[in-house]
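*Asks:* What follows is work10.csv; its format and atoms are CSV, C-alpha atoms and all ligand atoms.
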```csv
chain,number,residue,atom,x,y,z
A,2,MET,CA,16.3,-3.0,-34.3
A,3,GLU,CA,13.3,-5.0,-35.4
A,4,ILE,CA,10.4,-5.6,-33.0
A,5,GLN,CA,11.0,-9.3,-33.4
A,6,ASN,CA,14.6,-8.8,-32.2
A,7,TRP,CA,13.3,-7.0,-29.2
A,8,LYS,CA,11.2,-9.9,-28.2
A,9,GLU,CA,14.2,-12.2,-28.5
A,10,ILE,CA,16.4,-9.9,-26.6
A,11,LEU,CA,14.0,-9.3,-23.8
A,12,SER,CA,13.1,-13.0,-23.3
A,13,PRO,CA,16.0,-13.9,-21.0
A,14,TYR,CA,15.3,-10.7,-19.0
A,15,GLU,CA,11.8,-11.9,-18.5
A,16,LEU,CA,13.1,-15.3,-17.3
A,17,ALA,CA,15.5,-13.6,-14.9
A,18,VAL,CA,12.7,-11.5,-13.4
A,19,ASP,CA,10.3,-14.4,-13.1
A,20,GLU,CA,13.0,-16.6,-11.5
A,21,ILE,CA,14.1,-14.0,-9.0
A,22,VAL,CA,10.5,-13.1,-8.0
A,23,LEU,CA,9.7,-16.8,-7.5
A,24,LYS,CA,12.8,-17.3,-5.3
A,25,VAL,CA,12.0,-14.3,-3.2
A,26,ARG,CA,8.4,-15.5,-2.8
A,27,HIS,CA,9.7,-18.9,-1.7
A,28,ILE,CA,11.9,-17.3,0.9
A,29,MET,CA,8.8,-15.3,2.2
A,30,LYS,CA,6.9,-18.6,2.4
A,31,GLU,CA,9.7,-20.3,4.3
A,32,TYR,CA,9.6,-17.6,7.0
A,33,ALA,CA,5.8,-17.8,7.1
A,34,ASP,CA,5.8,-21.6,7.5
A,35,GLN,CA,8.2,-21.2,10.4
A,36,GLY,CA,6.0,-18.5,12.0
A,37,VAL,CA,9.1,-16.2,11.9
A,38,TYR,CA,9.0,-12.5,11.1
A,39,CYS,CA,10.1,-12.0,7.5
A,40,PRO,CA,12.2,-8.9,6.6
A,41,ILE,CA,10.5,-8.9,3.2
A,42,GLU,CA,6.9,-7.6,2.9
A,43,ASN,CA,6.4,-7.9,-0.8
A,44,VAL,CA,8.3,-8.4,-4.1
A,45,LEU,CA,7.5,-7.1,-7.6
A,46,GLY,CA,9.3,-7.6,-10.8
A,47,ARG,CA,9.1,-6.0,-14.3
A,48,VAL,CA,11.0,-5.9,-17.6
A,49,LYS,CA,11.2,-2.3,-18.8
A,50,SER,CA,8.9,-1.5,-21.7
A,51,ILE,CA,10.6,-1.0,-25.1
A,52,SER,CA,9.5,2.6,-25.1
A,53,SER,CA,11.0,3.2,-21.6
A,54,ILE,CA,14.2,1.5,-22.7
A,55,LEU,CA,14.4,3.8,-25.8
A,56,ALA,CA,13.6,6.9,-23.7
A,57,LYS,CA,16.4,6.0,-21.2
A,58,ALA,CA,18.9,5.3,-24.1
A,59,LYS,CA,18.1,8.7,-25.6
A,60,LYS,CA,18.4,10.5,-22.2
A,61,LYS,CA,21.8,8.8,-21.6
A,62,ASN,CA,23.0,9.0,-25.2
A,63,VAL,CA,23.4,5.3,-25.5
A,64,PRO,CA,23.4,4.0,-29.1
A,65,ILE,CA,20.8,1.4,-29.8
A,66,GLU,CA,23.3,-1.4,-30.3
A,67,GLU,CA,24.9,-0.8,-26.9
A,68,ILE,CA,21.6,-0.8,-24.9
A,69,THR,CA,22.0,-4.2,-23.4
A,70,GLU,CA,25.5,-3.5,-22.2
A,71,ARG,CA,24.9,0.0,-20.8
A,72,ILE,CA,21.4,0.0,-19.5
A,73,GLU,CA,21.3,-2.0,-16.3
A,74,ASP,CA,17.7,-1.8,-15.2
A,75,ILE,CA,16.0,-3.5,-18.1
A,76,ALA,CA,15.3,-6.3,-15.6
A,77,GLY,CA,14.0,-4.8,-12.4
A,78,ILE,CA,13.0,-6.3,-9.0
A,79,ARG,CA,11.5,-4.2,-6.2
A,80,ILE,CA,11.6,-5.6,-2.7
A,81,ILE,CA,9.4,-3.9,-0.2
A,82,CYS,CA,10.2,-4.0,3.6
A,83,GLN,CA,8.3,-2.8,6.6
A,84,PHE,CA,11.3,-1.2,8.3
A,85,VAL,CA,14.6,0.5,7.3
A,86,GLU,CA,16.5,-2.1,9.3
A,87,ASP,CA,15.0,-4.9,7.2
A,88,ILE,CA,16.4,-3.3,4.1
A,89,TYR,CA,20.0,-3.9,5.3
A,90,LYS,CA,19.2,-7.5,6.2
A,91,VAL,CA,17.9,-8.1,2.7
A,92,VAL,CA,21.0,-6.4,1.3
A,93,LYS,CA,23.3,-8.7,3.3
A,94,ALA,CA,21.2,-11.8,2.2
A,95,ILE,CA,21.6,-10.8,-1.4
A,96,GLN,CA,25.4,-10.2,-1.0
A,97,LYS,CA,25.7,-13.8,0.3
A,98,ARG,CA,23.7,-15.5,-2.4
A,99,SER,CA,25.6,-17.8,-4.7
A,100,ASP,CA,23.2,-17.3,-7.6
A,101,MET,CA,23.8,-13.6,-7.9
A,102,LYS,CA,27.0,-11.6,-8.2
A,103,VAL,CA,26.7,-8.0,-6.9
A,104,GLN,CA,28.1,-5.6,-9.5
A,105,SER,CA,27.2,-2.3,-7.9
A,106,GLU,CA,25.3,-0.8,-4.9
A,107,ILE,CA,24.0,2.7,-4.2
A,108,ASP,CA,22.6,3.6,-0.9
A,109,TYR,CA,20.1,6.3,-1.5
A,110,ILE,CA,18.9,5.9,2.1
A,111,ALA,CA,22.2,7.1,3.6
A,112,ASN,CA,22.5,9.5,0.7
A,113,PRO,CA,19.0,10.5,-0.6
A,114,LYS,CA,18.7,12.1,-4.0
A,115,ASP,CA,17.9,15.9,-4.1
A,116,SER,CA,14.3,15.0,-5.0
A,117,GLY,CA,14.0,13.3,-1.6
A,118,TYR,CA,14.1,9.8,-3.2
A,119,ARG,CA,15.3,7.1,-0.8
A,120,SER,CA,15.9,3.4,-1.6
A,121,TYR,CA,18.8,0.9,-1.7
A,122,HIS,CA,19.8,0.0,-5.2
A,123,MET,CA,21.9,-3.1,-6.2
A,124,VAL,CA,22.8,-4.3,-9.7
A,125,VAL,CA,23.4,-8.1,-9.7
A,126,LEU,CA,24.5,-10.4,-12.4
A,127,TYR,CA,22.2,-13.3,-12.7
A,128,GLN,CA,22.5,-16.3,-15.0
A,129,VAL,CA,19.6,-17.8,-16.9
A,130,GLN,CA,19.4,-20.7,-19.3
A,131,THR,CA,17.0,-20.4,-22.1
A,132,ALA,CA,16.2,-23.2,-24.7
A,133,PHE,CA,19.4,-22.4,-26.7
A,134,GLU,CA,21.8,-20.4,-24.6
A,135,THR,CA,23.1,-19.3,-21.2
A,136,HIS,CA,22.8,-15.5,-20.6
A,137,THR,CA,24.2,-13.4,-17.8
A,138,ILE,CA,21.7,-10.7,-17.1
A,139,PRO,CA,22.1,-7.5,-15.1
A,140,VAL,CA,19.2,-7.1,-12.8
A,141,GLU,CA,18.5,-3.9,-10.8
A,142,ILE,CA,17.1,-4.7,-7.3
A,143,GLN,CA,15.5,-1.7,-5.5
A,144,ILE,CA,14.9,-2.3,-1.8
A,145,ARG,CA,12.7,0.2,0.1
A,146,THR,CA,10.2,0.5,2.9
A,147,LEU,CA,6.5,0.7,2.3
A,148,ALA,CA,6.6,4.4,3.1
A,149,MET,CA,9.5,5.0,0.7
A,150,ASN,CA,7.7,3.1,-2.0
A,151,PHE,CA,4.5,5.1,-1.4
A,152,TRP,CA,6.4,8.3,-2.0
A,153,ALA,CA,8.5,7.0,-5.0
A,154,VAL,CA,5.4,5.7,-6.8
A,155,ILE,CA,3.6,9.0,-6.5
A,156,GLU,CA,6.6,11.1,-7.3
A,157,HIS,CA,7.4,8.9,-10.4
A,158,SER,CA,3.9,9.3,-11.8
A,159,MET,CA,4.0,13.1,-11.2
A,160,LYS,CA,7.4,13.3,-13.0
A,161,TYR,CA,5.9,11.3,-15.8
A,162,LYS,CA,2.8,13.6,-16.0
A,163,TYR,CA,5.0,16.7,-16.2
A,164,ASP,CA,7.7,15.0,-18.5
A,165,HIS,CA,10.3,15.4,-15.7
A,166,ASN,CA,9.7,19.1,-15.4
A,167,LEU,CA,7.8,19.3,-12.1
A,168,PRO,CA,6.4,22.7,-11.3
A,169,SER,CA,8.3,24.1,-8.4
A,170,ARG,CA,5.3,24.2,-6.0
A,171,LEU,CA,4.8,20.5,-6.6
A,172,SER,CA,8.4,19.7,-6.3
A,173,MET,CA,8.6,21.5,-3.0
A,174,ARG,CA,5.6,19.7,-1.6
A,175,LEU,CA,7.0,16.4,-2.7
A,176,THR,CA,10.3,17.2,-1.0
A,177,ALA,CA,8.4,18.1,2.2
A,178,ALA,CA,6.5,14.8,1.9
A,179,SER,CA,9.8,12.9,1.6
A,180,GLU,CA,10.8,14.4,4.9
A,181,ALA,CA,7.5,13.2,6.4
A,182,VAL,CA,8.3,9.7,5.0
A,183,LEU,CA,11.7,9.8,6.7
A,184,LYS,CA,10.1,10.8,10.0
A,185,LEU,CA,7.5,8.0,9.6
A,186,ASP,CA,10.2,5.4,8.9
A,187,ASN,CA,12.2,6.6,12.0
A,188,GLU,CA,9.0,6.5,14.1
A,189,MET,CA,8.2,3.0,13.0
A,190,SER,CA,11.8,1.8,13.6
A,191,SER,CA,11.6,3.0,17.2
A,192,ILE,CA,8.7,0.7,17.9
A,193,ARG,CA,9.9,-2.1,15.6
A,194,SER,CA,10.4,-4.7,18.2
A,195,GLU,CA,6.9,-4.3,19.5
A,196,ILE,CA,5.3,-4.4,16.0
A,197,VAL,CA,7.4,-7.5,15.1
A,198,GLU,CA,6.4,-9.2,18.3
A,199,ALA,CA,2.7,-8.6,17.6
A,200,GLN,CA,3.0,-9.8,14.0
A,201,THR,CA,5.0,-12.9,14.9
A,202,SER,CA,2.5,-13.9,17.5
A,203,PHE,CA,-0.4,-13.3,15.1
A,204,ARG,CA,1.4,-15.6,12.5
A,205,GLU,CA,2.2,-18.2,15.1
A,206,LYS,CA,-1.4,-18.3,16.2
A,207,ALA,CA,-2.6,-18.6,12.5
A,208,ASN,CA,-0.1,-21.5,12.0
A,209,ILE,CA,-1.2,-23.4,15.1
A,210,VAL,CA,-4.9,-23.0,14.2
A,211,HIS,CA,-4.1,-24.2,10.7
A,212,ASP,CA,-2.4,-27.3,12.1
A,213,ILE,CA,-5.3,-28.0,14.6
A,214,LEU,CA,-7.9,-27.8,11.9
A,215,ASN,CA,-5.9,-30.1,9.7
A,216,SER,CA,-5.5,-32.6,12.5
A,217,ILE,CA,-9.3,-32.5,13.2
A,218,ARG,CA,-10.0,-33.0,9.5
A,219,ASN,CA,-7.7,-36.0,9.4
A,220,LEU,CA,-9.2,-37.4,12.6
A,221,HIS,CA,-12.6,-37.4,10.9
A,222,LYS,CA,-11.4,-40.2,8.7
A,223,VAL,CA,-10.2,-42.5,11.5
A,224,ALA,CA,-11.8,-41.6,14.9
A,225,PRO,CA,-15.4,-42.0,16.1
A,226,GLN,CA,-17.6,-39.0,15.2
A,227,GLU,CA,-18.4,-38.2,18.8
A,228,GLU,CA,-14.8,-38.0,19.8
A,229,VAL,CA,-14.0,-35.7,16.9
A,230,MET,CA,-17.0,-33.5,17.7
A,231,ALA,CA,-15.8,-33.3,21.3
A,232,LEU,CA,-12.3,-32.3,20.2
A,233,GLN,CA,-13.8,-29.7,17.9
A,234,ASP,CA,-15.8,-28.2,20.8
A,235,GLN,CA,-12.7,-28.2,23.0
A,236,PHE,CA,-10.8,-26.3,20.3
A,237,PHE,CA,-13.5,-23.6,20.0
A,238,GLN,CA,-13.4,-23.2,23.8
A,239,ILE,CA,-9.7,-22.8,23.9
A,240,TYR,CA,-9.7,-20.6,20.8
A,241,ASN,CA,-12.2,-18.2,22.4
A,242,GLN,CA,-10.1,-18.0,25.6
A,243,GLY,CA,-7.3,-16.8,23.3
A,244,ASP,CA,-4.5,-18.4,25.4
A,245,MET,CA,-1.6,-19.2,23.0
A,246,GLU,CA,0.0,-21.7,25.4
A,247,GLN,CA,-3.3,-23.7,25.7
A,248,LEU,CA,-3.7,-23.7,21.9
A,249,ARG,CA,-0.1,-25.0,21.6
A,250,GLN,CA,-0.7,-27.8,24.1
A,251,PHE,CA,-4.0,-28.7,22.4
A,252,SER,CA,-2.2,-28.9,19.1
A,253,PHE,CA,0.3,-31.4,20.7
A,254,HIS,CA,-2.6,-33.3,22.2
A,255,LEU,CA,-4.2,-33.7,18.8
A,256,ASP,CA,-0.9,-34.9,17.3
A,257,HIS,CA,-0.8,-37.6,20.1
A,258,VAL,CA,-4.5,-38.6,19.5
A,259,ALA,CA,-3.8,-38.9,15.7
A,260,GLN,CA,-0.7,-41.1,16.5
A,261,VAL,CA,-2.8,-43.4,18.6
A,262,TYR,CA,-5.4,-43.8,15.9
A,263,LEU,CA,-2.6,-44.3,13.3
A,264,MET,CA,-1.1,-47.1,15.4
A,265,LYS,CA,-4.5,-48.7,15.9
A,266,GLN,CA,-5.1,-48.6,12.2
A,267,LYS,CA,-1.7,-50.2,11.5
A,268,GLY,CA,-2.3,-52.8,14.1
A,269,SER,CA,-5.7,-53.8,12.6
A,270,GLN,CA,-4.1,-54.1,9.1
A,271,THR,CA,-1.4,-56.7,10.2
B,1,LIG,P1,11.5,3.2,-14.0
B,1,LIG,O1,10.3,3.5,-14.8
B,1,LIG,O2,11.2,3.0,-12.5
B,1,LIG,O3,12.3,2.1,-14.5
B,1,LIG,P2,18.6,8.0,-13.8
B,1,LIG,O4,19.8,8.6,-14.5
B,1,LIG,O5,18.4,8.6,-12.4
B,1,LIG,O6,17.3,8.0,-14.6
B,1,LIG,P3,20.1,5.6,-13.4
B,1,LIG,O7,21.4,6.4,-13.5
B,1,LIG,O8,20.0,4.4,-14.3
B,1,LIG,O9,18.8,6.5,-13.6
B,1,LIG,O10,20.1,5.0,-12.0
B,1,LIG,P4,19.3,5.5,-10.7
B,1,LIG,O11,19.4,6.9,-10.4
B,1,LIG,O12,19.8,4.5,-9.7
B,1,LIG,O13,17.8,5.2,-11.1
B,1,LIG,C1,17.3,4.0,-11.5
B,1,LIG,C2,15.8,3.8,-11.0
B,1,LIG,O14,15.7,4.3,-9.7
B,1,LIG,C3,14.8,4.7,-11.8
B,1,LIG,O15,14.5,4.1,-13.0
B,1,LIG,C4,13.7,4.8,-10.8
B,1,LIG,O16,13.0,3.6,-10.8
B,1,LIG,C5,14.4,4.9,-9.5
B,1,LIG,N1,14.7,6.3,-9.2
B,1,LIG,C6,15.8,6.9,-9.2
B,1,LIG,N2,15.7,8.2,-8.8
B,1,LIG,C7,14.4,8.4,-8.5
B,1,LIG,C8,13.6,9.6,-8.1
B,1,LIG,O17,14.1,10.7,-7.9
B,1,LIG,N3,12.3,9.4,-8.0
B,1,LIG,C9,11.7,8.2,-8.2
B,1,LIG,N4,10.4,8.1,-8.0
B,1,LIG,N5,12.4,7.1,-8.6
B,1,LIG,C10,13.7,7.2,-8.8
B,1,LIG,P5,13.8,4.9,-14.2
B,1,LIG,O18,14.3,4.4,-15.5
B,1,LIG,O19,13.9,6.4,-13.9
B,1,LIG,O20,12.3,4.6,-14.0
```
Output the structure of this file as structure tokens.

*Replies:*
Amino acid sequence: MEIQNWKEILSPYELAVDEIVLKVRHIMKEYADQGVYCPIENVLGRVKSISSILAKAKKKNVPIEEITERIEDIAGIRIICQFVEDIYKVVKAIQKRSDMKVQSEIDYIANPKDSGYRSYHMVVLYQVQTAFETHTIPVEIQIRTLAMNFWAVIEHSMKYKYDHNLPSRLSMRLTAASEAVLKLDNEMSSIRSEIVEAQTSFREKANIVHDILNSIRNLHKVAPQEEVMALQDQFFQIYNQGDMEQLRQFSFHLDHVAQVYLMKQKGSQT
């Protein structure tokens, strides 16, 4: 196959990866805007390099002309979660989506690989429209926790370094490390609700402060300077006290003040 053909062949895969990453990032933004805990911590996407595709084809005895039918992880998405429970929420959300058809699933969390590898794998069929055609692309989605990812990234680079023949002392240490990862994930799961509560309240505070600062900036345009300065001082006072309910009330109060000035402005224009 010519290099030029590879470019053409991989182009819809690139589009599929870009679209899915964009959609997942949008979901994360929706959660953040609502100040609600998001089961997704991060998303990454990649199209396998030509040399990795060729290496995988060789390892699996796939003839070059059958690569696109038989290698399902040319397009890859990795979704990183904080907790194991979040992984299964993400899996359910993917199963329900109308823009992806789940073709296969492997739960390497319930059934870890001998190496100690843990992750949830899904292959979904995803449709993209390029300038000239519609393509249905298989996309491998790997869903794992931050801790699982830490282990997998390191183990992957070690395997690469030793060309998949890890010295046994290293292999044993990595297997032991994977047990520590399992323990860490279980430990974090046991205090999940407390962590989620702390993170949600941090995000909610950030959203309220953002709204308040926005309102004060807008009031600068319509209200007398002294009044805006007084509101600003009041905000700093409340902020320093750190009481969320007071911040919430102050945000409502500012909305009301802004409404009053808006009505005054409308009245003066008629
Ligand atoms: P890359 O560079 O991440 O794309 P296999 O026969 O195991 O090579 P298969 O049958 O296509 O692969 O499916 P499988 O086992 O679900 O693995 C697909 C991908 O999962 C791998 O892609 C890795 O990304 C990841 N993976 C699977 N097993 C392991 C493991 O033991 N350790 C690590 N670190 N990752 C793993 P590639 O093509 O190997 O690599």

*Asks:* Enter the distance from CA of Gln242 in chain A to CA of Val210 in chain A, in Å, rounded to one decimal.

*Replies:* 13.5 Å

*Asks:* I'd like the interatomic distance between CA of Lys60 in chain A and atom P2 of ligand LIG 1 (chain B), to a tenth of an Å.

*Replies:* 8.8 Å

*Asks:* Counting all atoms listed in the file, figure out which residue out of A:Ala178, A:Leu126, A:Cys82, A:Leu220 gets nearest to Ser99 in chain A.

*Replies:* A:Leu126

*Asks:* Which residues of chain A sit at most 8 Å from ligand LIG 1 (chain B), using only C-alpha atoms and all ligand atoms? Give each one's shortest atom pair and distance in Å (one decimal place), in chain and ascending residue order, as JSON lines.

*Replies:*
```
{"residue": "A:Lys49", "atom": "CA", "partner": "B:LIG1", "partner_atom": "O3", "distance": 6.2}
{"residue": "A:Ser53", "atom": "CA", "partner": "B:LIG1", "partner_atom": "O1", "distance": 6.8}
{"residue": "A:Ile54", "atom": "CA", "partner": "B:LIG1", "partner_atom": "O18", "distance": 7.8}
{"residue": "A:Lys57", "atom": "CA", "partner": "B:LIG1", "partner_atom": "O18", "distance": 6.3}
{"residue": "A:Lys61", "atom": "CA", "partner": "B:LIG1", "partner_atom": "O4", "distance": 7.4}
{"residue": "A:Ile72", "atom": "CA", "partner": "B:LIG1", "partner_atom": "O8", "distance": 7.0}
{"residue": "A:Glu73", "atom": "CA", "partner": "B:LIG1", "partner_atom": "O8", "distance": 6.8}
{"residue": "A:Asp74", "atom": "CA", "partner": "B:LIG1", "partner_atom": "O8", "distance": 6.7}
{"residue": "A:Ile75", "atom": "CA", "partner": "B:LIG1", "partner_atom": "O3", "distance": 7.6}
{"residue": "A:Gly77", "atom": "CA", "partner": "B:LIG1", "partner_atom": "O3", "distance": 7.4}
{"residue": "A:Ile107", "atom": "CA", "partner": "B:LIG1", "partner_atom": "O12", "distance": 7.2}
{"residue": "A:Lys114", "atom": "CA", "partner": "B:LIG1", "partner_atom": "O17", "distance": 6.2}
{"residue": "A:Asp115", "atom": "CA", "partner": "B:LIG1", "partner_atom": "O17", "distance": 7.5}
{"residue": "A:Ser116", "atom": "CA", "partner": "B:LIG1", "partner_atom": "O17", "distance": 5.2}
{"residue": "A:Gly117", "atom": "CA", "partner": "B:LIG1", "partner_atom": "O17", "distance": 6.8}
{"residue": "A:Tyr118", "atom": "CA", "partner": "B:LIG1", "partner_atom": "O17", "distance": 4.8}
{"residue": "A:Arg119", "atom": "CA", "partner": "B:LIG1", "partner_atom": "C7", "distance": 7.9}
{"residue": "A:His122", "atom": "CA", "partner": "B:LIG1", "partner_atom": "O12", "distance": 6.4}
{"residue": "A:Gln143", "atom": "CA", "partner": "B:LIG1", "partner_atom": "O14", "distance": 7.3}
{"residue": "A:Trp152", "atom": "CA", "partner": "B:LIG1", "partner_atom": "N4", "distance": 7.2}
{"residue": "A:Ala153", "atom": "CA", "partner": "B:LIG1", "partner_atom": "N4", "distance": 3.7}
{"residue": "A:Val154", "atom": "CA", "partner": "B:LIG1", "partner_atom": "N4", "distance": 5.7}
{"residue": "A:Ile155", "atom": "CA", "partner": "B:LIG1", "partner_atom": "N4", "distance": 7.0}
{"residue": "A:Glu156", "atom": "CA", "partner": "B:LIG1", "partner_atom": "N4", "distance": 4.9}
{"residue": "A:His157", "atom": "CA", "partner": "B:LIG1", "partner_atom": "N4", "distance": 3.9}
{"residue": "A:Ser158", "atom": "CA", "partner": "B:LIG1", "partner_atom": "N4", "distance": 7.6}
{"residue": "A:Lys160", "atom": "CA", "partner": "B:LIG1", "partner_atom": "N4", "distance": 7.8}
```

*Asks:* At a cut-off of 7 Å, using only C-alpha atoms, what residues contact Val125 in chain A? Leave out same-chain residues fewer than 3 positions from it and give the result as a CSV table (one decimal) with C-alpha atoms, in the frame of the given file.

*Replies:*
```
chain,number,residue,atom,x,y,z
A,101,MET,CA,23.8,-13.6,-7.9
A,102,LYS,CA,27.0,-11.6,-8.2
A,103,VAL,CA,26.7,-8.0,-6.9
A,104,GLN,CA,28.1,-5.6,-9.5
A,139,PRO,CA,22.1,-7.5,-15.1
A,140,VAL,CA,19.2,-7.1,-12.8
A,141,GLU,CA,18.5,-3.9,-10.8
```

*Asks:* Under the rule that all atoms listed in the file are counted, which of A:Leu263, A:Ile192, A:Ile21, A:Val197 is the nearest residue to Leu45 in chain A?

*Replies:*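 Residue with the minimum atom-to-atom distance to Leu45 in chain A: A:Ile21.
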
*Asks:* Closest to Phe236 in chain A among A:His221, A:Ile213, A:Pro64, A:Lys162, using all atoms listed in the file?

*Replies:* A:Ile213

*Asks:* Rank A:His136, A:His27, A:Lys90, A:Arg79 by their smallest atom-to-atom distance to Ile10 in chain A, using only C-alpha atoms, and report the top residue only.

*Replies:* A:His136

*Asks:* Closest to Val182 in chain A among A:Tyr89, A:Phe203, A:Tyr240, A:Phe84, using all atoms listed in the file?

*Replies:*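 Result for the nearest residue to Val182 in chain A: A:Phe84.
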
*Asks:* Using only C-alpha atoms, can you tell me which of A:Ala148, A:Ala94, A:Met230, A:Val37 comes closest to Ala181 in chain A?

*Replies:*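 Comparing A:Ala148, A:Ala94, A:Met230, A:Val37 against Ala181 in chain A, the winner is A:Ala148.
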
*Asks:* With N, CA, C and O atoms as the target, complete range 72-87 of chain A and hand it back as a short mmCIF file (atom, residue, chain, number, x, y, z; two decimals), keeping the file's coordinate frame.

*Replies:*
```cif
data_model
loop_
_atom_site.label_atom_id
_atom_site.label_comp_id
_atom_site.auth_asym_id
_atom_site.auth_seq_id
_atom_site.Cartn_x
_atom_site.Cartn_y
_atom_site.Cartn_z
N ILE A 72 22.53 -0.28 -20.31
CA ILE A 72 21.40 0.00 -19.50
C ILE A 72 21.13 -1.17 -18.54
O ILE A 72 20.88 -2.30 -18.99
N GLU A 73 21.28 -0.88 -17.25
CA GLU A 73 21.30 -2.00 -16.30
C GLU A 73 20.01 -2.29 -15.60
O GLU A 73 19.94 -3.19 -14.79
N ASP A 74 18.99 -1.49 -15.91
CA ASP A 74 17.70 -1.80 -15.20
C ASP A 74 16.63 -2.22 -16.17
O ASP A 74 15.46 -1.97 -15.93
N ILE A 75 17.04 -2.93 -17.22
CA ILE A 75 16.00 -3.50 -18.10
C ILE A 75 15.21 -4.54 -17.32
O ILE A 75 13.99 -4.61 -17.40
N ALA A 76 15.95 -5.33 -16.54
CA ALA A 76 15.30 -6.30 -15.60
C ALA A 76 15.26 -5.60 -14.24
O ALA A 76 16.31 -5.20 -13.75
N GLY A 77 14.10 -5.46 -13.65
CA GLY A 77 14.00 -4.80 -12.40
C GLY A 77 13.20 -5.56 -11.34
O GLY A 77 12.15 -6.11 -11.66
N ILE A 78 13.74 -5.61 -10.13
CA ILE A 78 13.00 -6.30 -9.00
C ILE A 78 12.88 -5.20 -7.94
O ILE A 78 13.81 -4.43 -7.68
N ARG A 79 11.72 -5.16 -7.32
CA ARG A 79 11.50 -4.20 -6.20
C ARG A 79 11.13 -5.03 -4.97
O ARG A 79 10.16 -5.79 -5.01
N ILE A 80 11.94 -4.90 -3.93
CA ILE A 80 11.60 -5.60 -2.70
C ILE A 80 11.17 -4.57 -1.66
O ILE A 80 11.84 -3.56 -1.43
N ILE A 81 10.00 -4.81 -1.11
CA ILE A 81 9.40 -3.90 -0.20
C ILE A 81 9.54 -4.44 1.26
O ILE A 81 9.20 -5.61 1.49
N CYS A 82 10.04 -3.61 2.16
CA CYS A 82 10.20 -4.00 3.60
C CYS A 82 9.33 -3.14 4.44
O CYS A 82 8.91 -2.06 4.04
N GLN A 83 9.10 -3.60 5.67
CA GLN A 83 8.30 -2.80 6.60
C GLN A 83 9.22 -1.68 7.22
O GLN A 83 8.81 -0.55 7.39
N PHE A 84 10.45 -2.09 7.57
CA PHE A 84 11.30 -1.20 8.30
C PHE A 84 12.67 -0.99 7.63
O PHE A 84 13.14 -1.89 6.93
N VAL A 85 13.29 0.15 7.89
CA VAL A 85 14.60 0.50 7.30
C VAL A 85 15.61 -0.64 7.63
O VAL A 85 16.39 -1.08 6.78
N GLU A 86 15.59 -1.11 8.89
CA GLU A 86 16.50 -2.10 9.30
C GLU A 86 16.44 -3.39 8.46
O GLU A 86 17.44 -4.05 8.18
N ASP A 87 15.21 -3.71 8.04
CA ASP A 87 15.00 -4.90 7.20
C ASP A 87 15.70 -4.79 5.87
O ASP A 87 16.16 -5.78 5.30
#
```
